[in-house]
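Asker: Take a look at this one; I'll ask things after.
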Amino acid sequence: MLLTAAAQTWKVGPGSCQAARGVVTHTATGRKLTYAALADKAATLPVPEKVTLKDPKDFKLIGTRPSDSTHRRR
C-alpha cells in the first residue's frame with residue numbers, strides 16, 4: 001500500500017517503485033518518500049485481497065541476529 005501511495009503521488013506505476021529501509025524510491029527518477037510521509041495516504045487505500053510476498057532468499061532482516069547496536073538505548 002505504501003508503494004501504491006507513492007506511485008499515485010508521482011503518477012507512475014507501482015512496479016517502478018521500491019521500498020527499503022523506511023523509504024519508497026521511484027527507481028527511474030530517484031525520487032524518494034519516507035514511509036511516514038506516505039502513511040496517511042496509504043491508510044485511505046483499500047486493503048488488497050491478495051499480496052505477493054517476498055521470496056525468503058531476498059529477506060534482509062528475517063533470520064538474522066540483531067547486532068548489538070540495535071539494542072542500545074538512544
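If you're wondering about the labels, chains in the C-alpha cells are A, B, ... by order shown, residues count from 1 in each chain, ligands from 1 in order shown.
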Give the alpha helix (DSSP H) residues of stretch 12-70 of chain A, as assigned by DSSP on the backbone, as JSON, numbers by chain.

Answerer: {"A": [35, 36, 37, 38, 39, 40, 41, 42, 43]}

Asker: Within 12 Å of A:Trp10, counting only C-alpha atoms, which residues show up once you throw out same-chain ones fewer than 6 positions away? Write them as a list in words, please.

Answerer: Leu3, Thr4, Ser16, Cys17, Val24, Thr25, His26, Thr27, Ala28, Thr29, Gly30, Arg31, Lys32, Leu33 and Leu38 of chain A

Asker: Closest to A:Gly15 among A:Ile62, A:Ala37, A:Ala43, A:Leu2, using only C-alpha atoms?

Answerer: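 Smallest distance to A:Gly15 is found for A:Leu2.
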
Asker: I need the residues of stretch 4-68 of chain A that end up classed as strand (DSSP E) by DSSP on the backbone, written out as an MDAnalysis selection string.

Answerer: chainID A and resid 17:20 23:26 32:34

Asker: Write out as a compact mmCIF listing (two decimals) with N, CA, C and O atoms, in the first residue's frame the residues lying within 12 Å of A:Ala42, counting only C-alpha atoms and excluding same-chain residues fewer than 6 positions away.

Answerer:
```
# COMPACT_ATOMS: atom_id res chain seq x y z
N MET A 1 0.82 -1.18 0.00
CA MET A 1 0.00 0.00 0.00
C MET A 1 0.87 1.25 0.00
O MET A 1 0.48 2.27 -0.56
N LEU A 2 2.05 1.16 0.63
CA LEU A 2 2.98 2.29 0.59
C LEU A 2 3.48 2.53 -0.83
O LEU A 2 3.60 3.68 -1.27
N LEU A 3 3.77 1.43 -1.54
CA LEU A 3 4.21 1.58 -2.94
C LEU A 3 3.11 2.22 -3.78
O LEU A 3 3.38 3.10 -4.60
N THR A 4 1.88 1.79 -3.57
CA THR A 4 0.75 2.35 -4.32
C THR A 4 0.57 3.82 -4.01
O THR A 4 0.36 4.64 -4.91
N ALA A 5 0.69 4.19 -2.74
CA ALA A 5 0.55 5.60 -2.35
C ALA A 5 1.63 6.45 -3.01
O ALA A 5 1.36 7.54 -3.52
N ALA A 6 2.85 5.95 -3.02
CA ALA A 6 3.94 6.70 -3.66
C ALA A 6 3.71 6.80 -5.16
O ALA A 6 3.87 7.87 -5.75
N ALA A 7 3.31 5.68 -5.77
CA ALA A 7 3.08 5.68 -7.22
C ALA A 7 1.98 6.66 -7.61
O ALA A 7 2.10 7.39 -8.60
N GLN A 8 0.93 6.73 -6.80
CA GLN A 8 -0.15 7.68 -7.08
C GLN A 8 0.35 9.12 -6.92
O GLN A 8 -0.01 9.99 -7.71
N THR A 9 1.17 9.34 -5.93
CA THR A 9 1.72 10.68 -5.70
C THR A 9 2.54 11.14 -6.91
O THR A 9 2.45 12.30 -7.33
N THR A 34 9.46 8.97 2.51
CA THR A 34 9.55 8.09 3.67
C THR A 34 8.22 7.39 3.89
O THR A 34 7.17 7.87 3.46
N TYR A 35 8.28 6.28 4.60
CA TYR A 35 7.05 5.58 4.97
C TYR A 35 6.14 6.52 5.75
O TYR A 35 4.93 6.53 5.55
N ALA A 36 6.72 7.31 6.64
CA ALA A 36 5.93 8.25 7.45
C ALA A 36 5.20 9.26 6.56
O ALA A 36 4.03 9.59 6.82
N PRO A 48 -5.52 -4.75 -0.17
CA PRO A 48 -5.57 -5.73 -1.25
C PRO A 48 -6.01 -7.10 -0.72
O PRO A 48 -5.65 -7.49 0.39
```

Asker: Interatomic distance between atom CA of A:Ala39 and atom CA of A:Gly22?

Answerer: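 So the two atoms, atom CA of A:Ala39 and atom CA of A:Gly22, lie 11.1 Å apart.
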